[in-house]
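One file, my_file-v8.cif, carrying mmCIF, C-alpha atoms:
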```cif
data_input
#
loop_
_atom_site.label_atom_id
_atom_site.label_comp_id
_atom_site.auth_asym_id
_atom_site.auth_seq_id
_atom_site.Cartn_x
_atom_site.Cartn_y
_atom_site.Cartn_z
CA MET H 427 -114.18 -28.45 153.01
CA GLU H 428 -117.54 -26.76 152.50
CA PHE H 429 -120.69 -28.63 151.45
CA ARG H 430 -123.58 -26.71 149.88
CA LEU H 431 -127.20 -27.81 149.44
CA LEU H 432 -128.91 -24.41 149.45
CA GLY H 433 -128.84 -24.17 145.67
CA PRO H 434 -127.06 -26.52 143.28
CA LEU H 435 -125.04 -29.21 145.07
CA GLU H 436 -121.45 -28.07 145.52
CA VAL H 437 -118.41 -29.05 147.49
CA ARG H 438 -115.64 -26.49 147.82
CA GLU H 439 -112.18 -26.89 149.22
CA ASN H 440 -109.93 -23.85 149.54
CA GLY H 441 -112.30 -21.93 147.28
CA HIS H 442 -112.20 -24.51 144.46
CA LEU H 443 -115.13 -26.66 143.35
CA LEU H 444 -114.50 -30.37 143.67
CA PRO H 445 -115.69 -32.66 140.86
CA LEU H 446 -118.55 -34.77 142.18
CA GLY H 447 -119.14 -37.13 139.27
CA GLY H 448 -122.38 -38.12 137.60
CA ALA H 449 -126.01 -37.85 138.64
CA LYS H 450 -126.19 -40.98 140.84
CA GLN H 451 -122.97 -40.12 142.65
CA ARG H 452 -124.20 -36.57 143.26
CA ALA H 453 -127.55 -37.90 144.50
CA LEU H 454 -125.70 -40.24 146.87
CA LEU H 455 -123.80 -37.31 148.32
CA ALA H 456 -127.02 -35.30 148.68
CA VAL H 457 -128.69 -38.13 150.61
CA LEU H 458 -125.67 -38.48 152.88
CA LEU H 459 -125.60 -34.72 153.46
CA LEU H 460 -129.29 -34.69 154.37
CA HIS H 461 -128.50 -37.37 156.96
CA ALA H 462 -125.08 -36.06 158.02
CA GLY H 463 -123.85 -37.70 161.19
CA GLU H 464 -126.35 -40.57 160.88
CA VAL H 465 -125.72 -44.08 159.62
CA VAL H 466 -127.64 -44.47 156.37
CA SER H 467 -128.26 -48.06 155.36
CA SER H 468 -127.19 -49.34 151.97
CA ASP H 469 -130.79 -50.43 151.37
CA TYR H 470 -132.05 -46.88 151.95
CA LEU H 471 -129.35 -45.44 149.68
CA ILE H 472 -130.22 -47.89 146.90
CA GLU H 473 -133.90 -47.01 147.20
CA ALA H 474 -133.07 -43.29 147.13
CA LEU H 475 -130.86 -43.62 144.06
CA TRP H 476 -133.02 -45.96 142.00
CA ASP H 477 -136.48 -45.59 143.55
CA GLU H 478 -138.29 -48.90 143.20
CA LYS H 479 -136.33 -50.22 140.20
CA PRO H 480 -132.73 -50.84 141.29
CA PRO H 481 -130.58 -52.88 138.93
CA GLU H 482 -129.13 -56.16 140.13
CA THR H 483 -125.76 -54.42 140.35
CA ALA H 484 -127.10 -51.63 142.61
CA LEU H 485 -125.05 -52.61 145.68
CA LYS H 486 -121.85 -52.86 143.65
CA SER H 487 -122.60 -49.52 141.97
CA LEU H 488 -123.23 -47.96 145.38
CA HIS H 489 -119.81 -49.13 146.56
CA VAL H 490 -118.20 -47.66 143.43
CA TYR H 491 -119.95 -44.29 143.96
CA VAL H 492 -118.80 -44.18 147.58
CA SER H 493 -115.25 -45.03 146.53
CA GLN H 494 -115.26 -42.27 143.89
CA LEU H 495 -116.55 -39.70 146.39
CA ARG H 496 -113.86 -40.73 148.85
CA LYS H 497 -111.24 -40.15 146.15
CA ALA H 498 -112.72 -36.72 145.39
CA PHE H 499 -112.50 -35.77 149.08
CA ALA H 500 -109.01 -37.19 149.73
CA PRO H 501 -107.08 -36.74 151.92
CA SER H 502 -110.11 -35.85 154.03
CA GLU H 503 -112.22 -38.89 154.86
CA PRO H 504 -115.73 -37.71 155.66
CA ILE H 505 -117.53 -40.87 154.43
CA LEU H 506 -117.15 -43.80 156.79
CA THR H 507 -118.41 -47.35 156.48
CA ARG H 508 -120.67 -48.20 159.41
CA ALA H 509 -122.98 -51.21 159.46
CA PRO H 510 -125.44 -51.39 157.79
CA GLY H 511 -124.22 -48.64 155.42
CA TYR H 512 -122.37 -45.33 155.53
CA VAL H 513 -122.13 -42.17 157.59
CA LEU H 514 -121.01 -38.74 156.43
CA ARG H 515 -119.07 -37.11 159.22
CA LEU H 516 -118.97 -33.32 159.12
CA GLN H 517 -117.41 -30.72 161.33
CA ALA H 518 -119.41 -27.78 162.62
CA GLY H 519 -119.99 -25.20 159.92
CA GLN H 520 -119.11 -27.41 156.96
CA LEU H 521 -122.69 -27.70 155.65
CA ASP H 522 -124.50 -24.54 154.53
CA LEU H 523 -127.82 -25.99 155.68
CA HIS H 524 -126.54 -26.37 159.25
CA ARG H 525 -125.13 -22.83 159.20
CA PHE H 526 -128.46 -21.52 157.88
CA GLU H 527 -130.44 -23.26 160.63
CA HIS H 528 -127.99 -22.04 163.29
CA LEU H 529 -128.13 -18.42 162.10
CA VAL H 530 -131.94 -18.48 161.89
CA GLY H 531 -132.02 -19.81 165.47
CA GLU H 532 -129.74 -16.99 166.61
CA GLY H 533 -131.91 -14.45 164.80
CA ARG H 534 -135.05 -15.79 166.46
CA GLN H 535 -133.48 -15.64 169.91
CA ALA H 536 -132.10 -12.13 169.50
CA ARG H 537 -133.99 -9.55 171.54
CA ASP H 538 -132.52 -6.68 169.54
CA PRO H 539 -134.26 -6.28 166.13
CA GLY H 540 -130.99 -5.05 164.58
CA LEU H 541 -129.15 -8.19 165.63
CA ALA H 542 -132.09 -10.37 164.56
CA ALA H 543 -132.24 -8.74 161.13
CA GLY H 544 -128.48 -9.12 160.71
CA LYS H 545 -128.45 -12.83 161.61
CA LEU H 546 -131.45 -13.55 159.40
CA ARG H 547 -129.91 -11.60 156.51
CA GLU H 548 -126.67 -13.56 156.94
CA ALA H 549 -128.63 -16.83 156.95
CA LEU H 550 -130.57 -15.92 153.82
CA ALA H 551 -127.36 -14.94 152.02
CA LEU H 552 -126.32 -18.61 152.10
CA TRP H 553 -129.03 -19.42 149.56
CA ARG H 554 -127.78 -19.60 145.95
CA GLY H 555 -131.08 -20.72 144.44
CA PRO H 556 -133.67 -23.39 145.23
CA ALA H 557 -132.40 -25.94 147.76
CA LEU H 558 -131.34 -29.25 146.21
CA ALA H 559 -132.10 -27.69 142.84
CA GLU H 560 -130.87 -30.55 140.70
CA PHE H 561 -132.90 -33.07 142.71
CA ALA H 562 -136.26 -31.31 142.37
CA TYR H 563 -137.83 -34.43 140.86
CA ALA H 564 -136.01 -37.03 142.97
CA SER H 565 -138.31 -38.71 145.45
CA PHE H 566 -135.68 -38.74 148.22
CA ALA H 567 -135.50 -34.93 148.16
CA GLN H 568 -139.18 -33.93 147.97
CA THR H 569 -139.90 -33.67 151.69
CA GLU H 570 -136.65 -31.90 152.44
CA ILE H 571 -137.06 -29.41 149.59
CA ALA H 572 -140.51 -28.46 150.92
CA ARG H 573 -139.20 -28.18 154.50
CA LEU H 574 -136.28 -26.00 153.45
CA GLU H 575 -138.45 -23.70 151.36
CA GLU H 576 -140.76 -23.22 154.36
CA LEU H 577 -137.75 -22.42 156.56
CA ARG H 578 -136.45 -19.94 154.01
CA LEU H 579 -139.81 -18.19 153.70
CA ALA H 580 -140.18 -18.05 157.49
CA ALA H 581 -136.70 -16.50 157.75
CA VAL H 582 -137.61 -13.90 155.10
CA GLU H 583 -140.81 -13.01 156.99
CA GLU H 584 -138.96 -12.76 160.31
CA ARG H 585 -136.25 -10.60 158.74
CA ILE H 586 -138.91 -8.29 157.30
CA GLU H 587 -140.57 -8.04 160.72
CA ALA H 588 -137.21 -7.16 162.30
CA ASP H 589 -136.59 -4.52 159.61
CA LEU H 590 -140.06 -3.06 160.23
CA ALA H 591 -139.31 -2.92 163.95
CA LEU H 592 -136.22 -0.90 163.04
CA GLY H 593 -138.30 1.55 161.02
CA ARG H 594 -137.03 0.35 157.64
CA HIS H 595 -140.48 0.46 156.08
CA ALA H 596 -139.32 1.87 152.75
CA ASP H 597 -136.62 -0.82 152.45
CA VAL H 598 -139.10 -3.71 152.72
CA VAL H 599 -141.79 -2.33 150.41
CA PRO H 600 -140.34 -4.08 147.30
CA GLU H 601 -140.44 -7.42 149.10
#
```
Represent the supplied structure as structure tokens.
Amino acid sequence: MEFRLLGPLEVRENGHLLPLGGAKQRALLAVLLLHAGEVVSSDYLIEALWDEKPPETALKSLHVYVSQLRKAFAPSEPILTRAPGYVLRLQAGQLDLHRFEHLVGEGRQARDPGLAAGKLREALALWRGPALAEFAYASFAQTEIARLEELRLAAVEERIEADLALGRHADVVPE
């Protein structure tokens, strides 16, 4: 299963898009993905989904959204109940954001400009549009969207520097 945040939210399994449900359910998944491997409290999830105006049925709705996501991901069980909320358990390489950060790190550590440019190019190819695109106005995503855009721009700049070091001046002029 492959989870994608670097553009519109997507989950793919064997090349097929999985249905993720409505806006609140998709937002829930996005929050869990941003905190993958961490226990996220139900209170935090409710605040993220409804800001400061949760309905009285918010906790029940949250449970329903989690249940529906679990059905969408069956037989895999990446969402676990852990007091005081939930944790999304991912394997290495399942989240495009983690792969991007890993590839950028490899590019930065590479001493050879050709290898650096290749790793950074591979990292940037994971982007399919603005990160968390459908959550651009959701308060839970604002800080992360800004952080990811800064990371993307830094990776572009570093890739250009590596290309310049390789003498690819004409190739980077349009950028």
- With a distance cut-off of 9 Å and all atoms listed in the file, select the neighbouring residues of Trp553 (chain H), excluding the residue or stretch itself and same-chain residues fewer than 5 positions from it, and output the selection as a ChimeraX atom specification. /H:431-433,522,526,578
Could you list, with a cut-off of 12 Å and counting all atoms listed in the file, the residues of region 452-477 of chain H near region 558-576 of chain H, each shown with its nearest atom pair and the distance in Å rounded to one decimal, rows sorted by chain and ascending number, as a tab-separated table?
```
residue	atom	partner	partner_atom	distance
H:Arg452	CA	H:Glu560	CA	9.3
H:Ala453	CA	H:Phe561	CA	7.4
H:Leu454	CA	H:Phe566	CA	10.2
H:Leu455	CA	H:Leu558	CA	11.2
H:Ala456	CA	H:Leu558	CA	7.8
H:Val457	CA	H:Phe566	CA	7.4
H:Leu458	CA	H:Phe566	CA	11.0
H:Leu459	CA	H:Leu558	CA	10.7
H:Leu460	CA	H:Glu570	CA	8.1
H:His461	CA	H:Glu570	CA	10.8
H:Tyr470	CA	H:Phe566	CA	9.7
H:Leu471	CA	H:Phe566	CA	9.3
H:Ile472	CA	H:Phe566	CA	10.7
H:Glu473	CA	H:Phe566	CA	8.5
H:Ala474	CA	H:Phe566	CA	5.4
H:Leu475	CA	H:Phe566	CA	8.0
H:Trp476	CA	H:Ala564	CA	9.5
H:Asp477	CA	H:Ser565	CA	7.4
```
Selection above as a file: C-alpha atoms, as a PDB file, in the frame of the given file:
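Saved the output as result_14.pdb:
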```pdb
ATOM      1  CA  ARG H 452    -124.200 -36.570 143.260  1.00  0.00           C
ATOM      2  CA  ALA H 453    -127.550 -37.900 144.500  1.00  0.00           C
ATOM      3  CA  LEU H 454    -125.700 -40.240 146.870  1.00  0.00           C
ATOM      4  CA  LEU H 455    -123.800 -37.310 148.320  1.00  0.00           C
ATOM      5  CA  ALA H 456    -127.020 -35.300 148.680  1.00  0.00           C
ATOM      6  CA  VAL H 457    -128.690 -38.130 150.610  1.00  0.00           C
ATOM      7  CA  LEU H 458    -125.670 -38.480 152.880  1.00  0.00           C
ATOM      8  CA  LEU H 459    -125.600 -34.720 153.460  1.00  0.00           C
ATOM      9  CA  LEU H 460    -129.290 -34.690 154.370  1.00  0.00           C
ATOM     10  CA  HIS H 461    -128.500 -37.370 156.960  1.00  0.00           C
ATOM     11  CA  TYR H 470    -132.050 -46.880 151.950  1.00  0.00           C
ATOM     12  CA  LEU H 471    -129.350 -45.440 149.680  1.00  0.00           C
ATOM     13  CA  ILE H 472    -130.220 -47.890 146.900  1.00  0.00           C
ATOM     14  CA  GLU H 473    -133.900 -47.010 147.200  1.00  0.00           C
ATOM     15  CA  ALA H 474    -133.070 -43.290 147.130  1.00  0.00           C
ATOM     16  CA  LEU H 475    -130.860 -43.620 144.060  1.00  0.00           C
ATOM     17  CA  TRP H 476    -133.020 -45.960 142.000  1.00  0.00           C
ATOM     18  CA  ASP H 477    -136.480 -45.590 143.550  1.00  0.00           C
TER      19      ASP H 477
END
```
Give me, as a PDB file with C-alpha atoms, keeping the file's coordinate frame, all polymer residues having an atom no more than 12 Å from Glu548 (chain H), counting only C-alpha atoms and skipping those fewer than 2 positions away in the same chain.
```pdb
ATOM      1  CA  ASP H 522    -124.500 -24.540 154.530  1.00  0.00           C
ATOM      2  CA  ARG H 525    -125.130 -22.830 159.200  1.00  0.00           C
ATOM      3  CA  PHE H 526    -128.460 -21.520 157.880  1.00  0.00           C
ATOM      4  CA  GLU H 527    -130.440 -23.260 160.630  1.00  0.00           C
ATOM      5  CA  HIS H 528    -127.990 -22.040 163.290  1.00  0.00           C
ATOM      6  CA  LEU H 529    -128.130 -18.420 162.100  1.00  0.00           C
ATOM      7  CA  VAL H 530    -131.940 -18.480 161.890  1.00  0.00           C
ATOM      8  CA  GLY H 531    -132.020 -19.810 165.470  1.00  0.00           C
ATOM      9  CA  GLU H 532    -129.740 -16.990 166.610  1.00  0.00           C
ATOM     10  CA  GLY H 533    -131.910 -14.450 164.800  1.00  0.00           C
ATOM     11  CA  LEU H 541    -129.150  -8.190 165.630  1.00  0.00           C
ATOM     12  CA  ALA H 542    -132.090 -10.370 164.560  1.00  0.00           C
ATOM     13  CA  ALA H 543    -132.240  -8.740 161.130  1.00  0.00           C
ATOM     14  CA  GLY H 544    -128.480  -9.120 160.710  1.00  0.00           C
ATOM     15  CA  LYS H 545    -128.450 -12.830 161.610  1.00  0.00           C
ATOM     16  CA  LEU H 546    -131.450 -13.550 159.400  1.00  0.00           C
ATOM     17  CA  LEU H 550    -130.570 -15.920 153.820  1.00  0.00           C
ATOM     18  CA  ALA H 551    -127.360 -14.940 152.020  1.00  0.00           C
ATOM     19  CA  LEU H 552    -126.320 -18.610 152.100  1.00  0.00           C
ATOM     20  CA  TRP H 553    -129.030 -19.420 149.560  1.00  0.00           C
ATOM     21  CA  ALA H 581    -136.700 -16.500 157.750  1.00  0.00           C
ATOM     22  CA  VAL H 582    -137.610 -13.900 155.100  1.00  0.00           C
ATOM     23  CA  ARG H 585    -136.250 -10.600 158.740  1.00  0.00           C
TER      24      ARG H 585
END
```
- Task: Could you tell me which residues the PyMOL selection byres ((chain H and resi 468) around 8) grabs in this file, written as a PyMOL selection string?
- Result: chain H and resi 466-467+469-472+485+488+510-512
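Within 9 Å of Ala591 (chain H), once only C-alpha atoms are used and residues closer than 5 positions along the same chain are dropped, the contacting residues are Pro539, Gly540 and Ile586 of chain H.
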- Message: Which residues are close to Val437 (chain H), i.e. within 9 Å by only C-alpha atoms, leaving aside same-chain residues fewer than 6 positions away? Reply as an MDAnalysis selection string.
- Response: chainID H and resid 427:430 443:446
